[in-house]
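Structure data follow from start-v4.cif (mmCIF, C-alpha atoms):
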data_run
loop_
_atom_site.label_atom_id
_atom_site.label_comp_id
_atom_site.auth_asym_id
_atom_site.auth_seq_id
_atom_site.Cartn_x
_atom_site.Cartn_y
_atom_site.Cartn_z
CA MET A 1 -29.24 -50.68 -66.24
CA ASN A 2 -28.21 -51.93 -62.80
CA PHE A 3 -24.45 -52.49 -62.97
CA CYS A 4 -21.41 -50.79 -64.44
CA SER A 5 -20.37 -52.57 -67.64
CA HIS A 6 -16.77 -51.55 -66.98
CA CYS A 7 -16.15 -52.58 -63.34
CA GLY A 8 -19.32 -54.48 -62.36
CA ALA A 9 -20.28 -52.25 -59.39
CA ALA A 10 -23.79 -50.87 -58.92
CA VAL A 11 -24.84 -47.72 -60.79
CA SER A 12 -26.95 -44.80 -59.56
CA ARG A 13 -29.10 -42.35 -61.45
CA LEU A 14 -27.74 -38.84 -60.97
CA ILE A 15 -26.76 -35.66 -62.81
CA PRO A 16 -22.97 -35.72 -63.36
CA PRO A 17 -21.00 -32.52 -62.70
CA GLY A 18 -21.25 -30.16 -65.69
CA ASP A 19 -24.18 -32.10 -67.13
CA ASN A 20 -27.84 -31.12 -67.07
CA ARG A 21 -29.66 -34.44 -67.03
CA GLU A 22 -29.67 -37.71 -65.11
CA ARG A 23 -27.38 -40.49 -66.29
CA PHE A 24 -26.42 -43.90 -64.97
CA VAL A 25 -23.15 -43.32 -63.10
CA CYS A 26 -21.00 -46.05 -61.52
CA ASP A 27 -20.89 -45.88 -57.69
CA GLU A 28 -17.29 -47.19 -57.73
CA CYS A 29 -15.37 -46.09 -60.83
CA GLY A 30 -17.53 -43.04 -61.63
CA LEU A 31 -17.99 -43.94 -65.30
CA VAL A 32 -20.98 -42.18 -66.86
CA HIS A 33 -23.08 -44.52 -69.00
CA TYR A 34 -24.73 -42.41 -71.68
CA GLN A 35 -27.76 -43.78 -73.48
CA ASN A 36 -28.49 -42.41 -76.93
CA PRO A 37 -30.93 -42.95 -79.82
CA ASN A 38 -30.43 -45.73 -82.33
CA ASN A 39 -30.49 -45.36 -86.08
CA VAL A 40 -32.52 -47.64 -88.30
CA ALA A 41 -31.40 -47.65 -91.93
CA GLY A 42 -33.57 -49.00 -94.71
CA ALA A 43 -34.58 -48.68 -98.32
CA ILE A 44 -37.39 -48.33 -100.82
CA LEU A 45 -36.09 -50.53 -103.62
CA THR A 46 -37.88 -50.77 -106.93
CA TRP A 47 -37.96 -53.09 -109.91
CA LYS A 48 -39.86 -51.23 -112.63
CA ASP A 49 -43.01 -49.93 -110.86
CA ARG A 50 -42.87 -52.43 -108.01
CA VAL A 51 -41.50 -51.97 -104.47
CA LEU A 52 -39.63 -54.62 -102.52
CA MET A 53 -41.26 -55.58 -99.21
CA CYS A 54 -40.48 -58.20 -96.58
CA LYS A 55 -42.85 -60.17 -94.32
CA ARG A 56 -41.30 -60.13 -90.86
CA ALA A 57 -40.11 -63.45 -89.39
CA ILE A 58 -39.18 -61.76 -86.10
CA GLU A 59 -40.89 -59.80 -83.35
CA PRO A 60 -42.07 -57.14 -83.05
CA GLN A 61 -44.81 -57.27 -85.68
CA TYR A 62 -44.12 -60.86 -86.74
CA GLY A 63 -45.98 -61.67 -89.95
CA LEU A 64 -46.54 -58.07 -91.00
CA TRP A 65 -44.95 -56.38 -94.02
CA THR A 66 -42.11 -53.91 -93.92
CA LEU A 67 -39.45 -52.30 -96.06
CA PRO A 68 -35.97 -53.78 -95.65
CA ALA A 69 -34.53 -51.89 -92.66
CA GLY A 70 -32.68 -52.52 -89.44
CA PHE A 71 -30.40 -51.16 -86.78
CA MET A 72 -27.25 -49.53 -88.07
CA GLU A 73 -24.08 -51.31 -86.93
CA ASN A 74 -20.84 -49.78 -85.71
CA ASN A 75 -18.22 -49.07 -88.37
CA GLU A 76 -20.56 -48.60 -91.31
CA SER A 77 -22.07 -45.58 -93.04
CA VAL A 78 -25.80 -44.98 -93.26
CA HIS A 79 -25.74 -45.89 -96.96
CA GLN A 80 -23.83 -49.09 -96.22
CA ALA A 81 -26.30 -49.97 -93.46
CA ALA A 82 -29.29 -49.58 -95.78
CA ALA A 83 -27.63 -51.70 -98.46
CA ARG A 84 -26.65 -54.39 -95.93
CA GLU A 85 -30.18 -54.64 -94.57
CA SER A 86 -31.56 -55.03 -98.10
CA ILE A 87 -29.15 -57.86 -98.74
CA GLU A 88 -29.72 -59.56 -95.36
CA GLU A 89 -33.50 -59.37 -95.32
CA ALA A 90 -34.35 -59.91 -98.99
CA ARG A 91 -31.19 -61.18 -100.70
CA ALA A 92 -31.62 -58.06 -102.83
CA GLN A 93 -29.08 -56.38 -105.08
CA PRO A 94 -29.56 -52.69 -104.46
CA GLY A 95 -28.16 -50.19 -106.95
CA HIS A 96 -27.15 -46.66 -106.03
CA LEU A 97 -28.96 -45.47 -102.89
CA SER A 98 -29.99 -41.86 -102.34
CA LEU A 99 -31.35 -40.46 -99.10
CA PHE A 100 -35.15 -40.37 -99.17
CA GLY A 101 -36.16 -39.40 -95.64
CA VAL A 102 -35.07 -38.81 -92.06
CA PHE A 103 -37.76 -39.65 -89.53
CA SER A 104 -37.41 -39.13 -85.78
CA MET A 105 -39.32 -41.30 -83.32
CA PRO A 106 -38.45 -39.68 -79.97
CA TYR A 107 -40.91 -41.90 -78.05
CA ILE A 108 -38.75 -44.92 -78.83
CA SER A 109 -35.47 -42.98 -79.27
CA GLN A 110 -34.99 -44.07 -82.85
CA VAL A 111 -34.11 -42.25 -86.06
CA TYR A 112 -35.04 -43.87 -89.38
CA LEU A 113 -32.75 -43.04 -92.31
CA MET A 114 -34.55 -44.28 -95.41
CA PHE A 115 -33.04 -44.48 -98.88
CA TYR A 116 -34.34 -44.97 -102.40
CA GLY A 117 -32.71 -47.12 -105.04
CA LYS A 118 -33.34 -49.35 -108.01
CA LEU A 119 -32.81 -53.08 -107.80
CA LEU A 120 -30.13 -54.43 -110.13
CA SER A 121 -32.01 -57.71 -110.39
CA GLU A 122 -35.59 -58.93 -109.99
CA GLN A 123 -34.24 -61.90 -108.03
CA VAL A 124 -35.09 -61.53 -104.36
CA SER A 125 -35.63 -64.15 -101.66
CA PRO A 126 -36.23 -64.15 -97.92
CA GLY A 127 -33.27 -63.76 -95.59
CA ILE A 128 -33.35 -65.21 -92.07
CA GLU A 129 -35.46 -62.34 -90.69
CA SER A 130 -38.13 -62.59 -93.42
CA LEU A 131 -40.92 -65.14 -93.94
CA GLU A 132 -41.34 -64.07 -97.54
CA VAL A 133 -40.42 -61.15 -99.77
CA GLY A 134 -42.21 -59.67 -102.74
CA LEU A 135 -42.34 -56.90 -105.31
CA PHE A 136 -45.58 -54.95 -105.10
CA ALA A 137 -47.15 -52.40 -107.42
CA ARG A 138 -48.97 -49.53 -105.69
CA ASN A 139 -52.36 -51.28 -105.85
CA GLU A 140 -50.87 -54.54 -104.56
CA ILE A 141 -49.28 -53.14 -101.36
CA PRO A 142 -50.77 -54.91 -98.30
CA TRP A 143 -51.75 -51.57 -96.76
CA ASP A 144 -53.66 -53.16 -93.87
CA GLN A 145 -50.76 -55.43 -92.91
CA ILE A 146 -47.90 -52.92 -92.59
CA ALA A 147 -45.58 -53.44 -89.61
CA PHE A 148 -44.76 -49.83 -88.66
CA PRO A 149 -46.22 -46.36 -89.23
CA VAL A 150 -42.92 -45.16 -90.71
CA VAL A 151 -43.20 -47.83 -93.42
CA SER A 152 -46.70 -46.70 -94.41
CA HIS A 153 -45.50 -43.10 -94.38
CA CYS A 154 -42.53 -43.86 -96.65
CA LEU A 155 -44.67 -45.78 -99.11
CA GLU A 156 -47.28 -43.01 -99.22
CA LEU A 157 -44.61 -40.35 -99.80
CA PHE A 158 -42.97 -42.48 -102.45
CA PHE A 159 -46.15 -43.10 -104.43
CA GLU A 160 -47.41 -39.52 -104.03
CA LYS A 161 -44.20 -37.55 -104.55
CA GLY A 162 -41.91 -39.89 -106.43
CA ALA A 163 -38.40 -41.06 -105.69
CA HIS A 164 -36.65 -37.73 -106.07
CA SER A 165 -38.60 -34.91 -104.52
CA GLU A 166 -36.71 -31.67 -104.13
CA ARG A 167 -35.90 -32.15 -100.45
CA VAL A 168 -35.22 -35.20 -98.34
CA HIS A 169 -38.44 -35.92 -96.44
CA GLN A 170 -38.26 -35.13 -92.75
CA ALA A 171 -40.79 -35.80 -90.03
CA ARG A 172 -41.17 -36.34 -86.31
CA PHE A 173 -43.47 -39.13 -85.19
CA ASN A 174 -45.38 -38.83 -81.93
CA ARG A 175 -47.19 -41.75 -80.26
CA LEU A 176 -50.37 -40.85 -78.41
CA ALA A 177 -51.72 -42.48 -75.26
CA ASN A 178 -54.07 -44.63 -77.39
CA ARG A 179 -50.96 -45.80 -79.30
CA GLU A 180 -51.98 -44.00 -82.47
CA VAL A 181 -49.10 -42.18 -84.14
CA GLU A 182 -49.18 -38.56 -85.28
CA ILE A 183 -46.70 -37.43 -87.94
CA TYR A 184 -45.35 -33.87 -87.95
CA THR A 185 -43.73 -33.07 -91.26
CA GLU A 186 -40.62 -30.86 -91.09
CA ILE A 187 -40.15 -28.55 -94.03
CA MET B 1 -17.40 -53.85 -71.79
CA ASN B 2 -16.58 -56.41 -69.10
CA PHE B 3 -19.78 -56.96 -67.14
CA CYS B 4 -23.51 -57.31 -67.87
CA SER B 5 -25.25 -54.02 -67.06
CA HIS B 6 -28.41 -55.97 -66.23
CA CYS B 7 -27.20 -58.72 -63.84
CA GLY B 8 -23.53 -57.82 -63.18
CA ALA B 9 -22.06 -61.15 -64.40
CA ALA B 10 -19.14 -61.30 -66.84
CA VAL B 11 -19.78 -60.98 -70.57
CA SER B 12 -18.19 -62.85 -73.46
CA ARG B 13 -17.69 -61.89 -77.07
CA LEU B 14 -19.60 -64.31 -79.28
CA ILE B 15 -22.01 -64.53 -82.21
CA PRO B 16 -25.54 -64.98 -80.81
CA PRO B 17 -27.83 -67.58 -82.46
CA GLY B 18 -29.41 -66.10 -85.61
CA ASP B 19 -26.93 -63.25 -85.68
CA ASN B 20 -23.93 -62.84 -88.00
CA ARG B 21 -21.48 -60.80 -85.92
CA GLU B 22 -19.87 -60.88 -82.51
CA ARG B 23 -21.64 -59.14 -79.64
CA PHE B 24 -21.08 -58.86 -75.92
CA VAL B 25 -23.34 -61.55 -74.40
CA CYS B 26 -23.88 -62.12 -70.66
CA ASP B 27 -22.46 -65.44 -69.42
CA GLU B 28 -25.27 -65.70 -66.85
CA CYS B 29 -28.50 -64.11 -68.07
CA GLY B 30 -27.73 -64.33 -71.81
CA LEU B 31 -28.60 -60.72 -72.54
CA VAL B 32 -27.05 -59.48 -75.80
CA HIS B 33 -25.50 -56.02 -75.44
CA TYR B 34 -25.71 -54.36 -78.84
CA GLN B 35 -23.44 -51.42 -79.57
CA ASN B 36 -24.54 -48.98 -82.24
CA PRO B 37 -23.45 -45.68 -83.79
CA ASN B 38 -24.22 -42.37 -82.11
CA ASN B 39 -25.79 -39.38 -83.77
CA VAL B 40 -24.33 -35.91 -83.47
CA ALA B 41 -26.80 -33.14 -84.29
CA GLY B 42 -25.70 -29.60 -85.01
CA ALA B 43 -26.38 -26.45 -86.96
CA ILE B 44 -25.02 -23.81 -89.27
CA LEU B 45 -26.76 -20.73 -87.87
CA THR B 46 -26.46 -17.36 -89.58
CA TRP B 47 -27.02 -13.73 -88.70
CA LYS B 48 -26.95 -11.83 -92.02
CA ASP B 49 -23.79 -13.15 -93.75
CA ARG B 50 -22.11 -14.40 -90.58
CA VAL B 51 -21.99 -17.95 -89.19
CA LEU B 52 -22.15 -18.81 -85.49
CA MET B 53 -19.13 -20.71 -84.19
CA CYS B 54 -18.05 -21.89 -80.74
CA LYS B 55 -14.56 -22.26 -79.26
CA ARG B 56 -14.53 -25.58 -77.44
CA ALA B 57 -14.12 -25.55 -73.65
CA ILE B 58 -14.00 -29.36 -73.52
CA GLU B 59 -11.89 -32.17 -74.90
CA PRO B 60 -11.40 -33.39 -77.53
CA GLN B 61 -10.05 -30.42 -79.47
CA TYR B 62 -10.17 -27.99 -76.54
CA GLY B 63 -9.63 -24.42 -77.74
CA LEU B 64 -10.50 -25.09 -81.37
CA TRP B 65 -13.55 -23.76 -83.20
CA THR B 66 -16.66 -25.75 -84.08
CA LEU B 67 -20.27 -25.40 -85.10
CA PRO B 68 -22.76 -25.93 -82.29
CA ALA B 69 -23.28 -29.71 -82.26
CA GLY B 70 -23.43 -32.58 -79.83
CA PHE B 71 -24.68 -36.07 -79.11
CA MET B 72 -28.37 -36.54 -79.64
CA GLU B 73 -30.23 -37.47 -76.45
CA ASN B 74 -32.97 -40.05 -75.98
CA ASN B 75 -36.55 -38.81 -76.43
CA GLU B 76 -35.80 -35.97 -78.81
CA SER B 77 -35.96 -35.56 -82.59
CA VAL B 78 -32.93 -34.73 -84.71
CA HIS B 79 -34.28 -31.18 -85.21
CA GLN B 80 -34.83 -30.77 -81.47
CA ALA B 81 -31.31 -32.04 -80.77
CA ALA B 82 -29.74 -29.51 -83.15
CA ALA B 83 -31.75 -26.66 -81.62
CA ARG B 84 -30.89 -27.77 -78.07
CA GLU B 85 -27.17 -27.91 -78.82
CA SER B 86 -27.32 -24.38 -80.30
CA ILE B 87 -28.97 -23.11 -77.15
CA GLU B 88 -26.65 -25.00 -74.77
CA GLU B 89 -23.37 -24.17 -76.47
CA ALA B 90 -23.99 -20.61 -77.64
CA ARG B 91 -27.15 -19.38 -75.88
CA ALA B 92 -28.41 -18.94 -79.43
CA GLN B 93 -31.98 -18.48 -80.60
CA PRO B 94 -32.25 -20.66 -83.71
CA GLY B 95 -35.15 -20.10 -86.08
CA HIS B 96 -36.53 -22.81 -88.33
CA LEU B 97 -33.99 -25.56 -88.97
CA SER B 98 -33.77 -27.48 -92.24
CA LEU B 99 -31.62 -30.53 -92.85
CA PHE B 100 -28.33 -29.55 -94.49
CA GLY B 101 -26.25 -32.72 -94.47
CA VAL B 102 -25.90 -36.31 -93.28
CA PHE B 103 -22.29 -37.34 -92.78
CA SER B 104 -21.18 -40.83 -91.76
CA MET B 105 -17.95 -41.39 -89.85
CA PRO B 106 -17.77 -45.19 -89.68
CA TYR B 107 -14.26 -45.13 -88.16
CA ILE B 108 -15.69 -43.59 -84.98
CA SER B 109 -19.24 -44.98 -85.44
CA GLN B 110 -20.86 -41.56 -85.59
CA VAL B 111 -23.40 -39.95 -87.88
CA TYR B 112 -23.54 -36.17 -88.06
CA LEU B 113 -26.94 -34.67 -88.86
CA MET B 114 -26.34 -31.01 -89.62
CA PHE B 115 -29.02 -28.38 -90.06
CA TYR B 116 -29.20 -24.85 -91.42
CA GLY B 117 -31.15 -22.02 -89.87
CA LYS B 118 -31.25 -18.30 -89.30
CA LEU B 119 -30.68 -16.83 -85.86
CA LEU B 120 -33.62 -14.91 -84.45
CA SER B 121 -31.25 -12.64 -82.55
CA GLU B 122 -27.66 -11.49 -82.83
CA GLN B 123 -27.27 -12.07 -79.10
CA VAL B 124 -25.12 -15.14 -78.47
CA SER B 125 -22.88 -16.00 -75.53
CA PRO B 126 -20.82 -19.01 -74.48
CA GLY B 127 -22.56 -21.93 -72.78
CA ILE B 128 -20.69 -24.18 -70.34
CA GLU B 129 -18.99 -26.16 -73.13
CA SER B 130 -17.71 -23.07 -74.98
CA LEU B 131 -14.83 -20.70 -74.15
CA GLU B 132 -16.22 -18.07 -76.49
CA VAL B 133 -18.66 -17.81 -79.35
CA GLY B 134 -18.70 -15.55 -82.37
CA LEU B 135 -20.33 -14.67 -85.66
CA PHE B 136 -17.91 -14.96 -88.56
CA ALA B 137 -18.14 -13.82 -92.16
CA ARG B 138 -16.56 -16.17 -94.70
CA ASN B 139 -13.21 -14.33 -94.68
CA GLU B 140 -13.16 -14.27 -90.87
CA ILE B 141 -13.59 -18.03 -90.29
CA PRO B 142 -10.59 -19.38 -88.33
CA TRP B 143 -9.95 -22.03 -91.01
CA ASP B 144 -6.68 -23.21 -89.43
CA GLN B 145 -8.26 -23.69 -85.99
CA ILE B 146 -11.27 -25.86 -86.82
CA ALA B 147 -11.95 -28.72 -84.38
CA PHE B 148 -13.19 -31.44 -86.75
CA PRO B 149 -13.05 -32.24 -90.49
CA VAL B 150 -16.85 -32.41 -90.67
CA VAL B 151 -17.03 -28.79 -89.46
CA SER B 152 -14.66 -27.61 -92.20
CA HIS B 153 -16.62 -29.65 -94.75
CA CYS B 154 -19.96 -28.13 -93.68
CA LEU B 155 -18.60 -24.60 -93.81
CA GLU B 156 -17.06 -25.16 -97.26
CA LEU B 157 -20.32 -26.62 -98.60
CA PHE B 158 -22.30 -23.79 -97.06
CA PHE B 159 -20.15 -21.03 -98.53
CA GLU B 160 -19.82 -22.73 -101.93
CA LYS B 161 -23.33 -24.05 -102.47
CA GLY B 162 -25.51 -21.94 -100.17
CA ALA B 163 -27.99 -22.91 -97.53
CA HIS B 164 -30.52 -24.62 -99.77
CA SER B 165 -28.91 -26.77 -102.38
CA GLU B 166 -31.24 -29.12 -104.20
CA ARG B 167 -30.34 -32.20 -102.17
CA VAL B 168 -29.27 -32.69 -98.59
CA HIS B 169 -25.50 -33.12 -98.62
CA GLN B 170 -24.33 -36.66 -97.93
CA ALA B 171 -20.83 -37.99 -97.44
CA ARG B 172 -18.84 -40.75 -95.83
CA PHE B 173 -15.65 -39.78 -94.04
CA ASN B 174 -12.71 -42.17 -93.93
CA ARG B 175 -9.70 -41.75 -91.64
CA LEU B 176 -6.38 -42.93 -93.05
CA ALA B 177 -3.51 -44.45 -91.12
CA ASN B 178 -1.77 -41.06 -91.02
CA ARG B 179 -4.97 -39.67 -89.43
CA GLU B 180 -5.82 -37.59 -92.49
CA VAL B 181 -9.49 -37.78 -93.42
CA GLU B 182 -10.84 -38.52 -96.90
CA ILE B 183 -14.37 -37.45 -97.78
CA TYR B 184 -16.47 -39.49 -100.22
CA THR B 185 -19.47 -37.48 -101.38
CA GLU B 186 -22.67 -39.48 -101.91
CA ILE B 187 -24.88 -38.23 -104.71
#
In structure tokens, how does this file's structure come out?
Amino acid sequence: MNFCSHCGAAVSRLIPPGDNRERFVCDECGLVHYQNPNNVAGAILTWKDRVLMCKRAIEPQYGLWTLPAGFMENNESVHQAAARESIEEARAQPGHLSLFGVFSMPYISQVYLMFYGKLLSEQVSPGIESLEVGLFARNEIPWDQIAFPVVSHCLELFFEKGAHSERVHQARFNRLANREVEIYTEI
Amino acid sequence: MNFCSHCGAAVSRLIPPGDNRERFVCDECGLVHYQNPNNVAGAILTWKDRVLMCKRAIEPQYGLWTLPAGFMENNESVHQAAARESIEEARAQPGHLSLFGVFSMPYISQVYLMFYGKLLSEQVSPGIESLEVGLFARNEIPWDQIAFPVVSHCLELFFEKGAHSERVHQARFNRLANREVEIYTEI
């Protein structure tokens, strides 16, 4: 951030009065530009014993497999965001969605809100952000071609613990210097 | 938003190629400025049968009572954000926090992530954003001076269903034209 999005003047990095951390603050109009984490909403959607996955047609991780998920938009709920992403990325018809997990990725300032639901139809097809989509049984999942650690984690939890474990899964992901990711489960 | 925070040129409202909704896009450098919901993280913290509440020293809702909660910052987890807000607003010492509820407020593009935990000490005192703080039993809660509908909803759920109901509470809040708020529980 170099300029104030309100008045166009330069911004400086400083701690505003009454605050306790540096923000971008406009040199002219004084507006404080807060920067906050983004939510990603997505879903584990099943048809019988198979899980819907999408092969990414966009960077990052072009060509790798993911669960339908994407940035939450303004003016929608987390449930609506997860349903929308399922429709946009896989032309899916999700049924009722229930919260499956909340996963924090502080190193990229993202929070994943993942849901579980049943598909109302087996008919799925790639949306504009997917190269292909498919329904995979546990032994068919392309485990070595998964786009993101959170996707592998969700699939492992789902197959090990089922769709409706007693608590919503919660974890904090930490990326190490070698880019490996550690997962700290919250209980 | 009037100007590009990257290059300082004017922005226009248009649908970028491959997108399906209007964004602010820079007329000069083409950068798309996405705007996304913000997370608020907070906590229901108890000492014996009493709940920690804070009287707000800031707008909006100056002088009304709330649970410790605030905007999540970059580079922290949702659990860390809830603990930090408890410390900042009430000088509290929260113990282990478990997810209590996820509440979407699409009309203000916010998601509340509320936790439950026990206080490790009865000692609490107002932080810079609080006029006073207190520990309230159910019949002492200032029900007619609560700052936000989500705070009333959390307290009602907590006193009716307890700290550890089977599922994390989930709801979507909707604000009507008369500014009343409807709550749709997700199950």
task: Identify every residue of chain B that has at least one atom within 7 Å of any atom of chain A, counting only C-alpha atoms, and report the result as a ChimeraX atom specification.
output: /B:1-8,35-38,72-78,98,104-109,166-168,172,187
- request: To one decimal in Å, tell me the separation between atom CA of Pro68 of chain A and atom CA of Ser121 of chain A.
  value: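 Separation between atom CA of Pro68 of chain A and atom CA of Ser121 of chain A: 15.8 Å.
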Please return the centre and edge lengths, in Å to one decimal, of a box with edges along x, y and z that contains all listed atoms of segment 170-176 of chain A, widened by 4 Å on every side, as lines of an AutoDock Vina configuration file.
center_x = -44.3
center_y = -38.4
center_z = -85.6
size_x = 20.1
size_y = 14.6
size_z = 22.3
task: Find the residues near Gln145 of chain B: any atom within 9 Å, counting all atoms listed in the file, skip ones fewer than 5 places away on the same chain, and give them as a list in words.
output: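 The residues satisfying every condition are Gly63, Leu64, Trp65 and Thr66 of chain B.
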Nearest-residue call for Pro149 of chain B, choices B:Leu67, B:Ala82, B:Ala163, B:Gln123, using all atoms listed in the file: B:Leu67
- prompt: When distances are computed from all atoms listed in the file, which of A:Arg138, A:Arg84, A:Arg179, A:Lys55 shows the smallest separation from Leu157 of chain A?
  reply: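 Going through A:Arg138, A:Arg84, A:Arg179, A:Lys55 one by one, the smallest distance to Leu157 of chain A is for A:Arg138.
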- request: Counting only C-alpha atoms, figure out which residue out of B:Asn178, B:Ser86, B:Asn139, B:Ser152 gets nearest to Val124 of chain B.
  value: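 Among B:Asn178, B:Ser86, B:Asn139, B:Ser152, it is B:Ser86 that comes nearest to Val124 of chain B.
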query: Nearest to Val32 of chain B: which of B:Leu155, B:Ile15, B:Ala137, B:Ala69 is it, counting all atoms listed in the file?
result: B:Ile15
field: Two-atom distance - atom CA of Gly95 of chain A, atom CA of Gly162 of chain A (Å)
entry: 17.2 Å
message: Between atom CA of Val150 of chain B and atom CA of Glu85 of chain A, what is the distance in Å, rounded to a tenth?
response: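 These atoms are spaced 26.2 Å apart.
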message: Please determine, counting all atoms listed in the file, which residue among A:Gly101, A:Glu28, A:Glu59, A:Met114 has the shortest atom-to-atom distance to Thr185 of chain A.
response: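 Between A:Gly101, A:Glu28, A:Glu59, A:Met114, the residue approaching Thr185 of chain A most closely is A:Gly101.
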Got a sec: who's within 7 Å of Arg13 of chain A, counting only C-alpha atoms, leaving out chain neighbours fewer than 5 positions off, as a compact mmCIF listing (two decimals) with C-alpha atoms, keeping the file's coordinate frame?
# COMPACT_ATOMS: atom_id res chain seq x y z
CA GLU A 22 -29.67 -37.71 -65.11
CA ARG A 23 -27.38 -40.49 -66.29
CA PHE A 24 -26.42 -43.90 -64.97
CA VAL A 25 -23.15 -43.32 -63.10
task: Using only C-alpha atoms, pick whichever of A:Pro142, A:Gly127, A:Pro94, A:Gly117 has the shortest atom-to-atom distance to Phe158 of chain A.
output: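 Selected residue with least distance to Phe158 of chain A: A:Gly117.
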- request: Write out as an MDAnalysis selection string the residues lying within 7 Å of Leu52 of chain A, counting only C-alpha atoms and excluding same-chain residues fewer than 3 positions away.
  value: chainID A and resid 44:46 67 134:136
